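J.: This structure is in C-alpha cells; I'll ask about it shortly.
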Amino acid sequence: MLRIRNDFPVLHQLVNGHPLNYLDSGATSQNPISVMEAEQEYYEQRNAAVHRGAHTLAFAATEVFEAARATVATFVGAPENSIVWTSNATEGVNLVSYSFSNASLGLGAPASARFRLGAGDEIVVTEMEHHSNLIPWQQLALRTGATLRFIPVLDDGTLDLAAAAQIVNPRTRLLAVTHASNVVGTINPIAELVQLAHAVDALVFLDACQSVPHLAIDLTALDVDFAVFSGHKMLGPTGIGVLYGKAELLADMPPFLTGGSMITTVDMQTAEFLAPPQRFEAGTQRISQALALASAVDYLDHTGMGRIRAREAELGRRLVEGVTSIPGVRLLGPGVGVERIGLAAVDVAGVHAHDVGQFLDEAGIAVRVGHHCAQPLHRRLGVTASTRASTYLYTTDDEVDQFLAVLAEVAPFFGVSR
Amino acid sequence: MLRIRNDFPVLHQLVNGHPLNYLDSGATSQNPISVMEAEQEYYEQRNAAVHRGAHTLAFAATEVFEAARATVATFVGAPENSIVWTSNATEGVNLVSYSFSNASLGLGAPASARFRLGAGDEIVVTEMEHHSNLIPWQQLALRTGATLRFIPVLDDGTLDLAAAAQIVNPRTRLLAVTHASNVVGTINPIAELVQLAHAVDALVFLDACQSVPHLAIDLTALDVDFAVFSGHKMLGPTGIGVLYGKAELLADMPPFLTGGSMITTVDMQTAEFLAPPQRFEAGTQRISQALALASAVDYLDHTGMGRIRAREAELGRRLVEGVTSIPGVRLLGPGVGVERIGLAAVDVAGVHAHDVGQFLDEAGIAVRVGHHCAQPLHRRLGVTASTRASTYLYTTDDEVDQFLAVLAEVAPFFGVSR
Amino acid sequence: MTSSAMQQLYQQIILDHAKSAHGAVPELPTLDAGSVSAAGLRQAQSHQVNTTCGDEVTVRVGLTGAGTDAEIDEFAWRGAGCSISMASASVLNDTVRGTSVAESEAMLNLFREMLRSRGTIEPDEEVLGDAAAFAGVSKYPARVKCAMLPWVAFEAALLQLR
Amino acid sequence: MTSSAMQQLYQQIILDHAKSAHGAVPELPTLDAGSVSAAGLRQAQSHQVNTTCGDEVTVRVGLTGAGTDAEIDEFAWRGAGCSISMASASVLNDTVRGTSVAESEAMLNLFREMLRSRGTIEPDEEVLGDAAAFAGVSKYPARVKCAMLPWVAFEAALLQLR
Ligand SMILES: Cc1ncc(COP(=O)(O)O)c(C=O)c1O
Ligand SMILES: Cc1ncc(COP(=O)(O)O)c(C=O)c1O
C-alpha cells in the first residue's frame with residue numbers, strides 16, 4: 001500500500017491543514033508518476049502526427065499509438081479493431097447515437113440500414129443511468145422518432161429485473177445500461193440483460209465507466225455490442241476515452257465526426273471513408289493521452305485487477321458498515337451483504353449535501369456532493385442530492401475511518417438532533 | 001534562437017545519424033518544457049473533476065480550467081463565453097455542423113430556428129479547404145438537403161475572388177473558409193470574404209488552424225462568426241482544440257454532444273441545457289490539456305506573435321526562393337513576393353512525394369508527404385501528392401538551407417535528368 | 001474537529017435562518033412578463049441555478065411606484081439548496097422587503113463587495129444587519145456563489161422591471 | 001549525403017522497374033463478380049490503398065483452370081504511388097504471370113516473410129529473382145506497406161476466385 005501511495009504524488013499534500021483524504025475517485029482518479037512520465041517521454045522524444053507522416057518520428061509515433069490501442073484492447077478482452085479513441089465516455093455514447101441517426105437518414109453504406117431507427121422502434125435505458133448514458137439516447141429518440149423507455153429502479157436502488165423482462169420486447173432496438181452504478185455502487189447483472197436483449201435482436205450498449213477501472217472485464221465474454229469508458233477514471237489523463245464496438249457492427253456504421261485522417265478519397269461533393277477504427281477517428285488524435293492511458297493500464301495490470309477488485313470490495317464493505325451505523329445517515333442503495341464497488345452515497349437527514357461536503361472538506365476529505373449526474377435516480381430515491389465517498393487502489397482503511405468519524409459529527413454540528 | 005531551441009528537448013536528437021531537422025510543424029508542433037511542466041504540475045497538485053466538485057481540489061481545478069479559457073480567449077481577442085473546448089479543430093467544425101442539423105430537425109430552443117437548413121439553402125466552401133473544413137459541410141448538406149457550392153482556386157493557388165462574388169448569394173447561409181492554407185501557405189483575404197457573406201446574411205466559419213499559431217489574431221475584429229484551431233499546432237498537447245463562436249450565436253444553438261455537466265434539469269424523457277460554453281462541453285473535460293494550451297499561449301505571447309509572424313515570413317521567403325531555384329522542383333501556390341506563412345509544398349518532377357520524403361528523412365529531415373488532407377486542392381493543381389516543409393519559431397535558417405540542399409539531390413539520385 | 005473556521009462560515013445566525021427561513025413559499029408559478037398583482041403591484045420573478053451543486057432559488061418581487069424610488073412591497077422566494085443559500089434568501093427577505101429599489105440595490109452592492117473580498121472587508125453590522133453574518137463565506141470562494149444565488153435572482157427580477 | 005542505406009533501399013533494379021513498369025495498363029474498369037474474359041478466363045480484381053500516403057494499386061488476374069493448379073494467364077495492374085510500390089507491382093507482374101496459383105502464393109509468402117524480417121532474412125535471388133531487390137525495404141518498416149501493396153491486391157483478387 002505504501003508502495004502504491006508513493007506512486008501518486010498528488011496524495012501527499014495538506015488540505016486545510018489536514019492530509020488530503022481523496023475519496024472522489026469515482027469522479028476522477030489520480031495519476032501515478034509512470035503515467036505522467038509516459039506522456040512527457042512522448043513529447044520529449046517522438047511527438048509527431050500519426051497515420052499521416054512518413055518520416056521517422058511520425059512512424060515511431062504511429063507505432064506507439066497503435067501499440068497503446070492493442071494494450072487497452074487486451075485489457076478489456078477485445079480485438080484491436082474494435083477499440084475507438086474518444087475524448088471521454090460521453091463522446092463514445094454520442095458517437096453511437098449520432099452514427100445511428102446518420103444511418104436513419106440513409107447515410108453510410110447500404111449495410112448501415114440495419115441501424116435505422118424510426119417511429120415504433122424502442123430504445124431502453126435504466127432509471128439509474130448517468131446523464132451521459134441517458135441524454136444521448138433521449139436525443140436519438142428525438143432525432144429519429146423512436147420511443148425511449150426505461151427499466152425502473154426498486155426502492156433498494158437495484159434494477160427491477162421483472163419489469164425489464166416486460167419492457168424489453170421485439171420493438172426494442174437498443175438497451176443501454178450501466179455496468180456498475182456511480183451512485184448506489186451495485187454491479188448490474190449484465191449477462192442476464194444481454195440475454196434479454198439479444199433474444200429480441202436488440203443491441204446492448206454498456207456504460208463501463210465504473211467497472212473497467214475497478215473489475216477485471218472481458219467485453220468479448222460479456223457479449224455486449226458496445227461499451228464505453230474513460231481514461232481519467234482509471235489512473236489515466238483527462239481527454240481520452242474508449243468506445244468498444246463489435247467489429248462487425250462498426251464495419252457497417254456510418255461515420256460520426258468527419259474530416260482528416262478518416263477518408264480514402266475526397267472530392268468537392270463526396271468522400272469515402274476508411275474502415276474502423278480510423279473511420280471514427282477524425283482529425284489529429286489524442287496521441288499522448290492514448291499512450292498515457294496504455295501506461296495506466298500497465299499499472300493496473302501490474303497491480304492486478306483481481307487484487308484491486310477484492311481490495312475495493314473490502315473498502316466498500318467498510319464504508320457501508322460504517323455509514324449505516326451513524327444515526328441519521330441513510331445509505332443510498334443496498335446495504336451490507338450486496339457486492340459493490342468501493343463507493344457509498346449517503347443522505348444526512350436535515351443537512352444539505354453541499355454543507356456535508358463543506359464540513360468534510362474542512363477536515364481535508366474530498367467527496368462529491370450533488371446528484372452525481374444522475375438526477376432521475378436521486379429523484380427515484382427521494383433525495384435531490386447526496387454525498388458520495390469513492391475509493392480506489394490507493395485508498396487506505398484509515399482514510400475510510402476518518403471519513404466515517406467526521407461524517408458522524410455533521411448532524412451535531414448543524415444542530416440536527418434526533 | 002538558442003534560448004528558444006533549448007526549450008524544446010525533442011529537437012535535440014539524432015535521426016538516422018543526423019541532427020533532427022523538424023520541418024513538419026504544419027502537421028503538429030513541438031512542446032516546450034514549460035507546457036509539459038504545466039500539465040505535470042496539474043496532476044501532481046490539483047487533479048480533480050471540474051464544474052462538478054465542491055471540495056478544495058475540485059474548486060482549484062475549476063479555477064485553473066476557467067483561467068485557461070480566459071487566457072486563450074484573450075489571445076485571440078474573444079470574450080471568454082465564446083470559447084468552447086473541443087478535442088481538435090475537426091471536432092469544432094463537426095460541432096457546428098451537427099448543431100445546425102439538430103436545429104434543422106427542430107431541436108433546441110425556438111431561437112435555434114435561425115440555424116435551420118434545407119433544400120434551397122446553400123453552404124459555400126473553397127477548393128483549398130482541409131478535409132476537416134470540407135467533409136463536415138458535405139455531411140451537413142446531405143443531412144439537411146442543402147446544396148454545397150465552392151469558391152474555385154486559380155492556377156496560382158489563390159482563391160478566385162471574382163467567382164466568390166458570384167457564388168455567395170442570398171441563398172448562402174454559411175461560408176466556410178481557411179484563414180491560411182496548409183498547402184499553398186497563403187493568407188486569404190478574410191475581411192473581404194466576411195463582407196461578401198455578411199452582405200447576404202450568411203455566417204462565416206473560419207478555419208484558423210494555420211493562422212492562430214503563426215499570426216496575431218483578433219477574432220472580434222475579423223468579425224467571423226465561428227473559428228476553430230488546434231492546440232497541437234501551437235506548442236500545446238494533442239487532444240485539445242478550440243471552437244470560437246459569437247456569444248449571441250452560441251446562445252441560440254442546440255447542443256451537439258450531450259451528457260454530464262451540460263444540463264440543468266434532467267428527467268427520464270427530457271433534459272434542459274446550460275448556457276454556452278458549458279452547453280457544448282459534455283462529460284469530463286480535457287482539463288490538463290486546457291491548462292497546457294494556456295501555458296503554450298503564454299509561451300507564444302511571451303515570445304511575441306508579431307516577432308513570430310515576421311520570423312516565419314522570413315523563413316517562408318527563404319524556402320520559396322530556395323525551392324524555386326532548384327531545377328525540376330515546382331512550388332505549389334504563389335511564388336516569391338506574396339506573403340505566406342512559413343511553409344512550402346513542392347512537386348519534384350518524376351519523383352513521387354513519398355520517395356522525396358524518404359530521401360529527406362534519411363538525412364534527418366522530417367517533412368510531410370502526401371495530399372496533406374487536401375485532395376481537391378492537389379487535384380486542382382494537377383498533382384496527387386506533394387512534399388511540404390513547414391516551419392515554426394524554433395526553425396533555423398540552417399535547417400531551411402539543409403532542406404534545400406538535400407532537396408536538390410533528389411532528382412539526380414532517382415535518375416531524373418532534365 | 002469542528003474548527004473555528006467552520007464556525008465562522010456557519011455562524012449561528014446562518015444556521016438559524018436556514019432552519020426557519022423567512023419569506024419562503026411552497027410554490028411560485030411562472031409569471032408572465034408585465035404581470036400586475038391583484039393589489040396593483042408590478043411583478044417580476046427570476047429563477048437561478050448553481051450548476052455546481054444544483055441549488056436553485058426563485059425570487060418574486062412586486063413594486064409600487066416607478067424608477068429607483070419604487071418600493072418593494074411584495075417579496076417571496078422558494079428554493080432548495082445548502083444552508084448558505086437558504087439562509088441568504090431568508091436574510092435577503094428581511095433586508096429588502098419594504099425598502100426602495102435604490103436602497104435594496106445599495107445593499108446588494110455592499111453584500112456582493114463583502115463576499116468578493118476574500119475576507120478583507122470587515123462588514124458594518126449596523127448597515128448590513130444579519131447579512132453581515134455572511135462575511136465568513138468570503139473566505140470560501142467556492143461558496144460565494146451559494147450566498148449570492150438569491151441576490152442574483154433578486155437583481156434579475158428587478159432588472160425586468162426597469 | 002546519399003548514404004549507402006538509400007542505395008540499398010532504392011536498388012537500381014527498383015528504380016528501373018519504377019521507370020518502365022511491366023504489366024501496367026492505363027485503365028482497369030471495375031469488374032463484376034464472377035466475370036469471365038472473352039478468352040474464357042475467370043477474372044477478379046482488387047483495389048488497395050495505402051492510407052498513410054495515398055498510394056493506390058488495382059490488380060486484375062485471369063485464371064485458366066481451377067484450384068491451386070489454375071494458371072495465371074492474365075495479369076494487369078494500374079496504380080499511382082512511390083517508386084517502391086510501382087516497382088513492386090512491375091516485379092509482381094514478372095514473377096506471377098504464367099505461374100500456377102500455388103506457385104504464386106508460395107512466392108507471395110516468401111516475399112512477405114522477407115519484407116517482415118527487418119533485414120534478418122537474406123533473400124535467395126535464385127528463387128525470388130528481381131523481387132530479391134526489395135530486401136533493403138525490410139529495414140524500413142514504414143515502407144513495407146508500399147512494397148506489399150500490389151501483392152496484397154493480388155492476394156485479394158485470387159481470394160475472390162477460390
Ligand atoms: C488548415 C487546417 N485545417 C484543419 C486541420 C485539422 O486539424 P486537427 O487535425 O487538429 O483537427 C489542419 C491540420 O491538420 C489544418 O492544417
Ligand atoms: C457511470 C458513469 N457513466 C458515465 C460517466 C461519464 O464519464 P465522462 O465524464 O468521462 O465522459 C461517468 C463519470 O462521470 C460515470 O460514472
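Labels for the C-alpha cells follow display order: chains A, B, ..., residues from 1 in each chain, ligands from 1.
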Taking only C-alpha atoms and all ligand atoms into account, produce a table as a tab-separated table in which each residue of chain A with an atom at most 10 Å from an atom of ligand 2 appears once, together with its shortest atom pair and the distance in Å to one decimal, ordered by chain and rising number.
T.:
residue	atom	partner	partner_atom_place_in_ligand_line	distance
A:Ser25	CA	ligand 2	16 (O)	9.8
A:Gly26	CA	ligand 2	16 (O)	6.4
A:Ala27	CA	ligand 2	14 (O)	5.6
A:Thr28	CA	ligand 2	14 (O)	7.7
A:Thr86	CA	ligand 2	11 (O)	9.3
A:Ser87	CA	ligand 2	11 (O)	7.6
A:Asn88	CA	ligand 2	11 (O)	4.2
A:Ala89	CA	ligand 2	11 (O)	3.8
A:Thr90	CA	ligand 2	11 (O)	3.7
A:Glu91	CA	ligand 2	11 (O)	6.5
A:Gly92	CA	ligand 2	11 (O)	8.0
A:Val93	CA	ligand 2	11 (O)	8.6
A:Met128	CA	ligand 2	1 (C)	9.0
A:Glu129	CA	ligand 2	1 (C)	6.8
A:His130	CA	ligand 2	3 (N)	4.9
A:His131	CA	ligand 2	4 (C)	7.2
A:Ser132	CA	ligand 2	4 (C)	5.2
A:Asn133	CA	ligand 2	4 (C)	6.3
A:Leu134	CA	ligand 2	3 (N)	9.4
A:Val177	CA	ligand 2	1 (C)	9.2
A:Thr178	CA	ligand 2	1 (C)	6.1
A:His179	CA	ligand 2	1 (C)	7.7
A:Ala180	CA	ligand 2	1 (C)	6.7
A:Ser181	CA	ligand 2	1 (C)	5.6
A:Asn182	CA	ligand 2	16 (O)	4.7
A:Val183	CA	ligand 2	16 (O)	8.1
A:Gly185	CA	ligand 2	1 (C)	9.6
A:Leu206	CA	ligand 2	3 (N)	9.5
A:Asp207	CA	ligand 2	3 (N)	5.7
A:Ala208	CA	ligand 2	1 (C)	6.9
A:Cys209	CA	ligand 2	2 (C)	4.9
A:Gln210	CA	ligand 2	1 (C)	5.4
A:Ser211	CA	ligand 2	1 (C)	8.4
A:Val228	CA	ligand 2	4 (C)	8.2
A:Phe229	CA	ligand 2	7 (O)	6.9
A:Ser230	CA	ligand 2	10 (O)	4.8
A:Gly231	CA	ligand 2	10 (O)	7.4
A:His232	CA	ligand 2	10 (O)	6.7
A:Lys233	CA	ligand 2	10 (O)	7.2
A:Thr238	CA	ligand 2	10 (O)	8.0
A:Gly239	CA	ligand 2	10 (O)	8.4
A:Ile240	CA	ligand 2	10 (O)	8.2
A:Gly241	CA	ligand 2	10 (O)	7.0
A:Val242	CA	ligand 2	11 (O)	9.7
A:His372	CA	ligand 2	14 (O)	7.5
A:Cys373	CA	ligand 2	14 (O)	7.1
A:Ala374	CA	ligand 2	1 (C)	8.9
J.: Find the residues around Ser34 of chain B up to 12 Å (only C-alpha atoms counted), leave out those fewer than 6 positions away in its own chain, and share them as a list in words.
T.: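 Selected residues are Gln40 and Tyr43 of chain A; Ile4, Asn6, Asp7, Phe8, Pro9, Gln40, Glu41, Leu235, Gly236, Pro237, Leu291, Ala292, Leu293, Ala294, Ser295, Ala296, Val297, Asp298, Tyr299 and Leu300 of chain B.
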J.: Taking N, CA, C and O atoms for each residue, export the selection above as a short mmCIF file (atom, residue, chain, number, x, y, z; two decimals), in the first residue's frame.
T.:
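Generated output (result-v6.cif):
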data_model
loop_
_atom_site.label_atom_id
_atom_site.label_comp_id
_atom_site.auth_asym_id
_atom_site.auth_seq_id
_atom_site.Cartn_x
_atom_site.Cartn_y
_atom_site.Cartn_z
N GLN A 40 5.23 12.61 -20.88
CA GLN A 40 6.34 13.53 -21.07
C GLN A 40 7.38 12.94 -22.03
O GLN A 40 7.91 13.65 -22.90
N TYR A 43 6.49 13.55 -25.59
CA TYR A 43 6.73 14.91 -26.09
C TYR A 43 8.22 15.21 -26.20
O TYR A 43 8.64 16.06 -26.98
N ILE B 4 15.34 29.68 -27.41
CA ILE B 4 14.11 29.01 -27.81
C ILE B 4 14.36 27.52 -28.04
O ILE B 4 13.66 26.68 -27.51
N ASN B 6 16.49 25.59 -26.84
CA ASN B 6 16.75 24.84 -25.61
C ASN B 6 15.46 24.50 -24.86
O ASN B 6 15.44 23.61 -24.03
N ASP B 7 14.41 25.21 -25.17
CA ASP B 7 13.14 24.94 -24.51
C ASP B 7 12.43 23.72 -25.10
O ASP B 7 11.41 23.28 -24.57
N PHE B 8 12.94 23.21 -26.22
CA PHE B 8 12.26 22.10 -26.90
C PHE B 8 13.16 20.87 -26.94
O PHE B 8 13.91 20.67 -27.89
N PRO B 9 13.08 20.03 -25.92
CA PRO B 9 14.00 18.90 -25.82
C PRO B 9 13.93 17.96 -27.04
O PRO B 9 14.94 17.37 -27.42
N GLN B 40 2.12 18.42 -15.92
CA GLN B 40 2.54 17.55 -14.83
C GLN B 40 2.18 18.16 -13.47
O GLN B 40 1.73 17.47 -12.56
N GLU B 41 2.38 19.46 -13.37
CA GLU B 41 2.06 20.15 -12.12
C GLU B 41 0.59 19.95 -11.76
O GLU B 41 0.24 19.75 -10.60
N LEU B 235 2.18 24.67 -30.08
CA LEU B 235 3.05 24.33 -28.95
C LEU B 235 2.31 23.63 -27.82
O LEU B 235 2.89 23.37 -26.76
N GLY B 236 1.04 23.31 -28.02
CA GLY B 236 0.28 22.64 -26.97
C GLY B 236 0.21 21.14 -27.19
O GLY B 236 0.75 20.62 -28.17
N PRO B 237 -0.46 20.45 -26.29
CA PRO B 237 -0.56 19.00 -26.41
C PRO B 237 -1.60 18.57 -27.44
O PRO B 237 -2.38 19.40 -27.92
N LEU B 291 -5.11 23.48 -19.59
CA LEU B 291 -4.07 24.21 -18.86
C LEU B 291 -2.80 24.28 -19.68
O LEU B 291 -2.11 25.30 -19.73
N ALA B 292 -2.46 23.14 -20.31
CA ALA B 292 -1.23 23.10 -21.08
C ALA B 292 -1.34 24.03 -22.29
O ALA B 292 -0.37 24.71 -22.64
N LEU B 293 -2.52 24.09 -22.89
CA LEU B 293 -2.68 25.00 -24.02
C LEU B 293 -2.52 26.45 -23.56
O LEU B 293 -1.89 27.27 -24.25
N ALA B 294 -3.06 26.76 -22.40
CA ALA B 294 -2.90 28.12 -21.88
C ALA B 294 -1.42 28.42 -21.65
O ALA B 294 -0.95 29.52 -21.91
N SER B 295 -0.69 27.40 -21.18
CA SER B 295 0.74 27.59 -20.97
C SER B 295 1.45 27.82 -22.31
O SER B 295 2.37 28.63 -22.41
N ALA B 296 1.01 27.10 -23.35
CA ALA B 296 1.58 27.30 -24.69
C ALA B 296 1.30 28.72 -25.17
O ALA B 296 2.17 29.38 -25.76
N VAL B 297 0.10 29.19 -24.90
CA VAL B 297 -0.27 30.55 -25.29
C VAL B 297 0.61 31.56 -24.56
O VAL B 297 1.09 32.54 -25.15
N ASP B 298 0.87 31.30 -23.29
CA ASP B 298 1.78 32.18 -22.54
C ASP B 298 3.15 32.21 -23.20
O ASP B 298 3.78 33.27 -23.30
N TYR B 299 3.60 31.05 -23.63
CA TYR B 299 4.91 30.97 -24.28
C TYR B 299 4.92 31.80 -25.57
O TYR B 299 5.85 32.55 -25.85
N LEU B 300 3.87 31.64 -26.35
CA LEU B 300 3.77 32.39 -27.62
C LEU B 300 3.69 33.89 -27.35
O LEU B 300 4.36 34.69 -28.00
#
J.: Using DSSP secondary structure from the backbone, list all helix (DSSP H, G or I) positions within segment 22-155 of chain B, as number ranges by chain.
T.: B: 33-45, 56-75, 80-82, 89-104, 110-115, 131-133, 135-144
J.: Going by DSSP on the backbone, which residues of chain D come out as strand (DSSP E)? List them as number ranges by chain.
T.: D: 42-49, 56-64, 71-80
J.: May I ask you to extract the residues of chain C within 8 Å of chain B, using only C-alpha atoms, and to give them as an MDAnalysis selection string?
T.: chainID C and resid 49 51:54 142
J.: At a cut-off of 10 Å, using only C-alpha atoms, what residues contact segment 124-130 of chain D? Leave out same-chain residues fewer than 2 positions from it and give the result as an NGL selection string.
T.: :D and (13-14 or 17 or 87-88 or 90-92 or 94-95 or 107-108 or 110-111 or 114 or 121-122 or 132-134)
J.: Excluding Glu56 of chain C and any residue of its chain fewer than 4 positions from it, enumerate the residues within 6 Å of it, using only C-alpha atoms, and give them as a VMD selection string.
T.: chain C and resid 48 to 49 79 to 80
J.: Enter the distance from atom CA of Val15 of chain B to atom CA of Gly364 of chain B, in Å, rounded to one decimal.
T.: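 The value is 4.8 Å.
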J.: Would you mind telling me which residue in A:Leu243, A:Leu257, A:Ile33, A:Leu161 lies nearest to ligand 1 when using only C-alpha atoms and all ligand atoms?
T.: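 Closest candidate: A:Leu257.
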J.: So, counting only C-alpha atoms, which residue among A:Ala227, A:Ala191, A:Leu159, A:Ile151 is closest to chain B?
T.: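 Of all the options, A:Ile151 lies closest to chain B.
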J.: Can you pull out the residues contacting Ala89 of chain C? Cut-off 9 Å, using only C-alpha atoms, and skip same-chain residues under 4 positions away; I want them as a ChimeraX atom specification.
T.: /C:17-18,21-24,57,59,77-79,84-85,93-94,147-151
J.: Could you list, as a VMD selection string, every residue within 6 Å of segment 63-67 of chain C, counting only C-alpha atoms and ignoring same-chain residues fewer than 3 positions away?
T.: chain C and resid 41 to 42 70 to 73
J.: Residues of the last selection are to be written out with N, CA, C and O atoms, as a PDB file, in the first residue's frame.
T.:
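Result saved to result.pdb:
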ATOM      1  N   LEU C  41     -49.473  45.762  -7.869  1.00  0.00           N
ATOM      2  CA  LEU C  41     -48.010  45.831  -7.898  1.00  0.00           C
ATOM      3  C   LEU C  41     -47.466  45.294  -9.216  1.00  0.00           C
ATOM      4  O   LEU C  41     -47.974  44.307  -9.742  1.00  0.00           O
ATOM      5  N   ARG C  42     -46.433  45.954  -9.733  1.00  0.00           N
ATOM      6  CA  ARG C  42     -45.759  45.443 -10.927  1.00  0.00           C
ATOM      7  C   ARG C  42     -44.836  44.314 -10.480  1.00  0.00           C
ATOM      8  O   ARG C  42     -43.943  44.522  -9.662  1.00  0.00           O
ATOM      9  N   ALA C  70     -39.270  53.336  -6.422  1.00  0.00           N
ATOM     10  CA  ALA C  70     -40.322  52.332  -6.259  1.00  0.00           C
ATOM     11  C   ALA C  70     -40.034  51.505  -5.013  1.00  0.00           C
ATOM     12  O   ALA C  70     -38.886  51.287  -4.634  1.00  0.00           O
ATOM     13  N   GLU C  71     -41.125  51.069  -4.363  1.00  0.00           N
ATOM     14  CA  GLU C  71     -40.956  50.329  -3.116  1.00  0.00           C
ATOM     15  C   GLU C  71     -41.229  48.837  -3.340  1.00  0.00           C
ATOM     16  O   GLU C  71     -42.138  48.462  -4.067  1.00  0.00           O
ATOM     17  N   ILE C  72     -40.414  48.018  -2.675  1.00  0.00           N
ATOM     18  CA  ILE C  72     -40.570  46.569  -2.789  1.00  0.00           C
ATOM     19  C   ILE C  72     -41.620  46.123  -1.782  1.00  0.00           C
ATOM     20  O   ILE C  72     -41.329  45.872  -0.621  1.00  0.00           O
ATOM     21  N   ASP C  73     -42.855  46.059  -2.250  1.00  0.00           N
ATOM     22  CA  ASP C  73     -43.953  45.755  -1.342  1.00  0.00           C
ATOM     23  C   ASP C  73     -44.355  44.291  -1.368  1.00  0.00           C
ATOM     24  O   ASP C  73     -45.148  43.843  -0.548  1.00  0.00           O
TER      25      ASP C  73
END
J.: With only C-alpha atoms as the atoms that count, which of B:Ala176, B:Leu14, B:Met36, B:Leu332 lies nearest to chain A?
T.: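 Answer, going by the shortest atom-to-atom distance: B:Met36.
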J.: Please identify all polymer residues within 9 Å of Ala349 of chain A, counting only C-alpha atoms, omitting same-chain residues fewer than 3 positions from it, and present them as a list in words.
T.: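 Counting only C-alpha atoms, the residues come to Gly328, Val329, Arg330, His352, Ala411 and Val416 of chain A.
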